[in-house]
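What follows is a short report on a single structure.
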Amino acid sequence: MTDLGRYSRQILFSGIGEEGQFKLLQGKVAIVGVGALGTVCGNHLVRSGVGYIRLIDRDVVDLSNLQRQSLFNEEDVSENLPKAVAAQKRLNSINSTVTIDAVISDLNLDNAEELLAGVDVIIDGTDNFMTRYLINDVAVKYGIPWVHGAAVSSRGMFAVIKPGITPCYRCLFPQVPAGRGETCDTIGVLSPITDIIGSFQAMEAIKLLVGATTNTNLEQIDIWDTSFFSMDTSEGKNPHCPTCVNRQFDFLDRLSSVQETYSSLCGRETVQIYFREKRERDLHKLGEQLKQNGQVTGNQFLLRFSPDDGTSIVVFKDGRVLVHGTNDIVKAKSLYSKYIGN
């Protein structure tokens, strides 16, 4: 039996009340990306008593994350903890009554439906467009509302997307942007903007769970010059949208999907190598093989191999690999082939 006393101040708020709190306790949320936005959302939702939260993230806690990713600390960096695991550990210590499912994986067309289809709300904590289109495909296909968020430099935006009611993400952004655009790696990011956008995302998710009216605008904020802009999206539905009108889920379609096996990640010099077929790794055996070529550390989740001071290769149990120290895909392929191979 849940002690409602811990939520007493929240229950006193008329928009939630005891009925709304019980809805939160029964709610299921998936957070895709446990970085700056995802950690803020996870913190708020766990403290609010959302009953089940799935954390999906492919990366490991890095020292540069601590400037803005509020659930992590230096110990997580030294232990090479995956972000999903480190966040789970911290959130469990905040509210042990919440079920937190840590998934150490890249969200892709092979697992997106399995990981997202059973939840009530999806929160976008990602840093790339392709994953957002993939989230949108799953959300529209299964009728799941989701909360988009983005932050870079001193600017941020968020929007609530409710399939069948609001325009979908592909209505608002019909074409996948060419290139990587501005990222935190190229122009930086301020911690307060990620806190603000993540908090708005968490609030909209709570509204969705309790059945309250959600925001209908695409909200944009710049905290450096203190400016705000709201774009009314209520009339933005594209009558010819491939996704929400024609139910053409291109980003879930293996034949039409443009997702690549190799991708350069936002935020630092890293290339991800992902294999659609399962490649389970014996990390202990691999570590023994690599010791003669460089420094090897690791834990039950991953192995980190450093052949030199400027490069490290992180291998996960499912075979996924992160090559740190370069954005050059050709170089990353070469390093992988040289040290890891097939």
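Each chain in the structure tokens gets a letter, A, B and so on, in the order shown; residues start at 1 in every chain, and ligands are counted from 1 in the order they appear.
If you count only C-alpha atoms and ignore residues fewer than 6 places along the chain from stretch 3-11 of chain A, what sits within 9 Å of it is Gly17, Glu18, Glu19, Gly20, Gln21, Arg47, Ser48 and Gly49 of chain A.
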Using DSSP on the backbone coordinates, identify the residues of stretch 153-210 of chain A assigned to strand (DSSP E or B); present them as a list in words.
Ser153, Arg155, Gly156, Met157, Phe158, Ala159, Val160, Ile161 and Val189 of chain A
Residues of stretch 24-101 of chain A at most 12 Å from stretch 132-143 of chain A: nearest atom pair and distance in Å, only C-alpha atoms, as a Markdown table:
```
| residue | atom | partner | partner_atom | distance |
| --- | --- | --- | --- | --- |
| A:Ala30 | CA | A:Ile135 | CA | 10.7 |
| A:Ile31 | CA | A:Ile135 | CA | 10.7 |
| A:Val32 | CA | A:Ile135 | CA | 8.7 |
| A:Gly33 | CA | A:Arg132 | CA | 10.8 |
```
Need to verify the contact set: A:Ser227, 12 Å, only C-alpha atoms, exclusion of same-chain residues closer than 4 positions in sequence. Can you return it as a list in words?
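Returned residues: Ser154, Arg155, Gly156, Met157, Glu219, Gln220, Ile221, Asp222 and Ile223 of chain A.
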Pick out each residue of stretch 167-215 of chain A that DSSP on the backbone tags as helix (DSSP H, G or I); I need them as a PyMOL selection string.
chain A and resi 169-172+184-187+191-210
Any chance you could export the current selection's N, CA and C atoms as a PDB file, in the first residue's frame?
```
ATOM      1  N   TYR A 169       4.713  14.907 -35.330  1.00  0.00           N
ATOM      2  CA  TYR A 169       6.036  15.518 -35.522  1.00  0.00           C
ATOM      3  C   TYR A 169       6.346  15.699 -37.006  1.00  0.00           C
ATOM      4  N   ARG A 170       5.909  14.751 -37.834  1.00  0.00           N
ATOM      5  CA  ARG A 170       6.192  14.847 -39.267  1.00  0.00           C
ATOM      6  C   ARG A 170       5.331  15.915 -39.934  1.00  0.00           C
ATOM      7  N   CYS A 171       4.179  16.241 -39.336  1.00  0.00           N
ATOM      8  CA  CYS A 171       3.402  17.388 -39.824  1.00  0.00           C
ATOM      9  C   CYS A 171       4.185  18.683 -39.599  1.00  0.00           C
ATOM     10  N   LEU A 172       4.764  18.785 -38.407  1.00  0.00           N
ATOM     11  CA  LEU A 172       5.483  20.007 -38.039  1.00  0.00           C
ATOM     12  C   LEU A 172       6.823  20.122 -38.752  1.00  0.00           C
ATOM     13  N   CYS A 184      25.174  20.630 -29.211  1.00  0.00           N
ATOM     14  CA  CYS A 184      25.918  21.033 -28.017  1.00  0.00           C
ATOM     15  C   CYS A 184      27.415  20.870 -28.221  1.00  0.00           C
ATOM     16  N   ASP A 185      27.800  20.033 -29.178  1.00  0.00           N
ATOM     17  CA  ASP A 185      29.205  19.830 -29.469  1.00  0.00           C
ATOM     18  C   ASP A 185      29.807  21.008 -30.226  1.00  0.00           C
ATOM     19  N   THR A 186      28.965  21.714 -31.004  1.00  0.00           N
ATOM     20  CA  THR A 186      29.485  22.799 -31.833  1.00  0.00           C
ATOM     21  C   THR A 186      29.275  24.178 -31.215  1.00  0.00           C
ATOM     22  N   ILE A 187      28.163  24.365 -30.491  1.00  0.00           N
ATOM     23  CA  ILE A 187      27.903  25.701 -29.928  1.00  0.00           C
ATOM     24  C   ILE A 187      27.626  25.670 -28.431  1.00  0.00           C
ATOM     25  N   SER A 191      23.286  24.786 -18.684  1.00  0.00           N
ATOM     26  CA  SER A 191      22.536  23.890 -17.813  1.00  0.00           C
ATOM     27  C   SER A 191      21.122  24.382 -17.488  1.00  0.00           C
ATOM     28  N   PRO A 192      20.916  25.680 -17.201  1.00  0.00           N
ATOM     29  CA  PRO A 192      19.556  26.106 -16.855  1.00  0.00           C
ATOM     30  C   PRO A 192      18.519  25.855 -17.946  1.00  0.00           C
ATOM     31  N   ILE A 193      18.915  25.939 -19.222  1.00  0.00           N
ATOM     32  CA  ILE A 193      17.915  25.727 -20.271  1.00  0.00           C
ATOM     33  C   ILE A 193      17.472  24.267 -20.309  1.00  0.00           C
ATOM     34  N   THR A 194      18.376  23.343 -20.027  1.00  0.00           N
ATOM     35  CA  THR A 194      17.967  21.938 -20.008  1.00  0.00           C
ATOM     36  C   THR A 194      17.056  21.658 -18.813  1.00  0.00           C
ATOM     37  N   ASP A 195      17.320  22.318 -17.684  1.00  0.00           N
ATOM     38  CA  ASP A 195      16.437  22.183 -16.516  1.00  0.00           C
ATOM     39  C   ASP A 195      15.038  22.706 -16.840  1.00  0.00           C
ATOM     40  N   ILE A 196      14.985  23.840 -17.507  1.00  0.00           N
ATOM     41  CA  ILE A 196      13.686  24.469 -17.800  1.00  0.00           C
ATOM     42  C   ILE A 196      12.881  23.625 -18.782  1.00  0.00           C
ATOM     43  N   ILE A 197      13.504  23.235 -19.881  1.00  0.00           N
ATOM     44  CA  ILE A 197      12.781  22.457 -20.885  1.00  0.00           C
ATOM     45  C   ILE A 197      12.389  21.090 -20.325  1.00  0.00           C
ATOM     46  N   GLY A 198      13.307  20.438 -19.633  1.00  0.00           N
ATOM     47  CA  GLY A 198      12.986  19.145 -19.032  1.00  0.00           C
ATOM     48  C   GLY A 198      11.844  19.241 -18.030  1.00  0.00           C
ATOM     49  N   SER A 199      11.803  20.327 -17.269  1.00  0.00           N
ATOM     50  CA  SER A 199      10.720  20.516 -16.296  1.00  0.00           C
ATOM     51  C   SER A 199       9.384  20.718 -17.000  1.00  0.00           C
ATOM     52  N   PHE A 200       9.379  21.481 -18.078  1.00  0.00           N
ATOM     53  CA  PHE A 200       8.146  21.637 -18.857  1.00  0.00           C
ATOM     54  C   PHE A 200       7.703  20.295 -19.441  1.00  0.00           C
ATOM     55  N   GLN A 201       8.652  19.505 -19.935  1.00  0.00           N
ATOM     56  CA  GLN A 201       8.301  18.190 -20.473  1.00  0.00           C
ATOM     57  C   GLN A 201       7.674  17.307 -19.394  1.00  0.00           C
ATOM     58  N   ALA A 202       8.278  17.298 -18.212  1.00  0.00           N
ATOM     59  CA  ALA A 202       7.751  16.492 -17.113  1.00  0.00           C
ATOM     60  C   ALA A 202       6.347  16.951 -16.734  1.00  0.00           C
ATOM     61  N   MET A 203       6.129  18.267 -16.716  1.00  0.00           N
ATOM     62  CA  MET A 203       4.811  18.793 -16.359  1.00  0.00           C
ATOM     63  C   MET A 203       3.760  18.376 -17.366  1.00  0.00           C
ATOM     64  N   GLU A 204       4.109  18.442 -18.656  1.00  0.00           N
ATOM     65  CA  GLU A 204       3.152  18.031 -19.687  1.00  0.00           C
ATOM     66  C   GLU A 204       2.869  16.532 -19.614  1.00  0.00           C
ATOM     67  N   ALA A 205       3.890  15.743 -19.274  1.00  0.00           N
ATOM     68  CA  ALA A 205       3.686  14.299 -19.114  1.00  0.00           C
ATOM     69  C   ALA A 205       2.734  14.022 -17.954  1.00  0.00           C
ATOM     70  N   ILE A 206       2.891  14.748 -16.861  1.00  0.00           N
ATOM     71  CA  ILE A 206       1.992  14.591 -15.711  1.00  0.00           C
ATOM     72  C   ILE A 206       0.565  14.952 -16.104  1.00  0.00           C
ATOM     73  N   LYS A 207       0.410  16.033 -16.856  1.00  0.00           N
ATOM     74  CA  LYS A 207      -0.930  16.416 -17.326  1.00  0.00           C
ATOM     75  C   LYS A 207      -1.554  15.303 -18.169  1.00  0.00           C
ATOM     76  N   LEU A 208      -0.763  14.729 -19.045  1.00  0.00           N
ATOM     77  CA  LEU A 208      -1.273  13.648 -19.884  1.00  0.00           C
ATOM     78  C   LEU A 208      -1.726  12.468 -19.038  1.00  0.00           C
ATOM     79  N   LEU A 209      -0.950  12.133 -18.026  1.00  0.00           N
ATOM     80  CA  LEU A 209      -1.265  10.973 -17.190  1.00  0.00           C
ATOM     81  C   LEU A 209      -2.527  11.179 -16.362  1.00  0.00           C
ATOM     82  N   VAL A 210      -2.760  12.402 -15.893  1.00  0.00           N
ATOM     83  CA  VAL A 210      -3.944  12.651 -15.055  1.00  0.00           C
ATOM     84  C   VAL A 210      -5.150  13.072 -15.871  1.00  0.00           C
TER      85      VAL A 210
END
```
Could you give me, as JSON lines, every stretch 234-315 of chain A residue with an atom at most 8 Å from stretch 73-90 of chain A, plus its closest atom pair and distance in Å to one decimal, counting only C-alpha atoms, rows ordered by chain then number?
```
{"residue": "A:Gly298", "atom": "CA", "partner": "A:Asn80", "partner_atom": "CA", "distance": 6.9}
{"residue": "A:Asn299", "atom": "CA", "partner": "A:Asn80", "partner_atom": "CA", "distance": 7.6}
{"residue": "A:Phe301", "atom": "CA", "partner": "A:Pro82", "partner_atom": "CA", "distance": 7.4}
```
I'd like the interatomic distance between atom CA of A:Lys285 and atom CA of A:Ile104, to a tenth of an Å.
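Pair atom CA of A:Lys285 / atom CA of A:Ile104 returns 20.7 Å.
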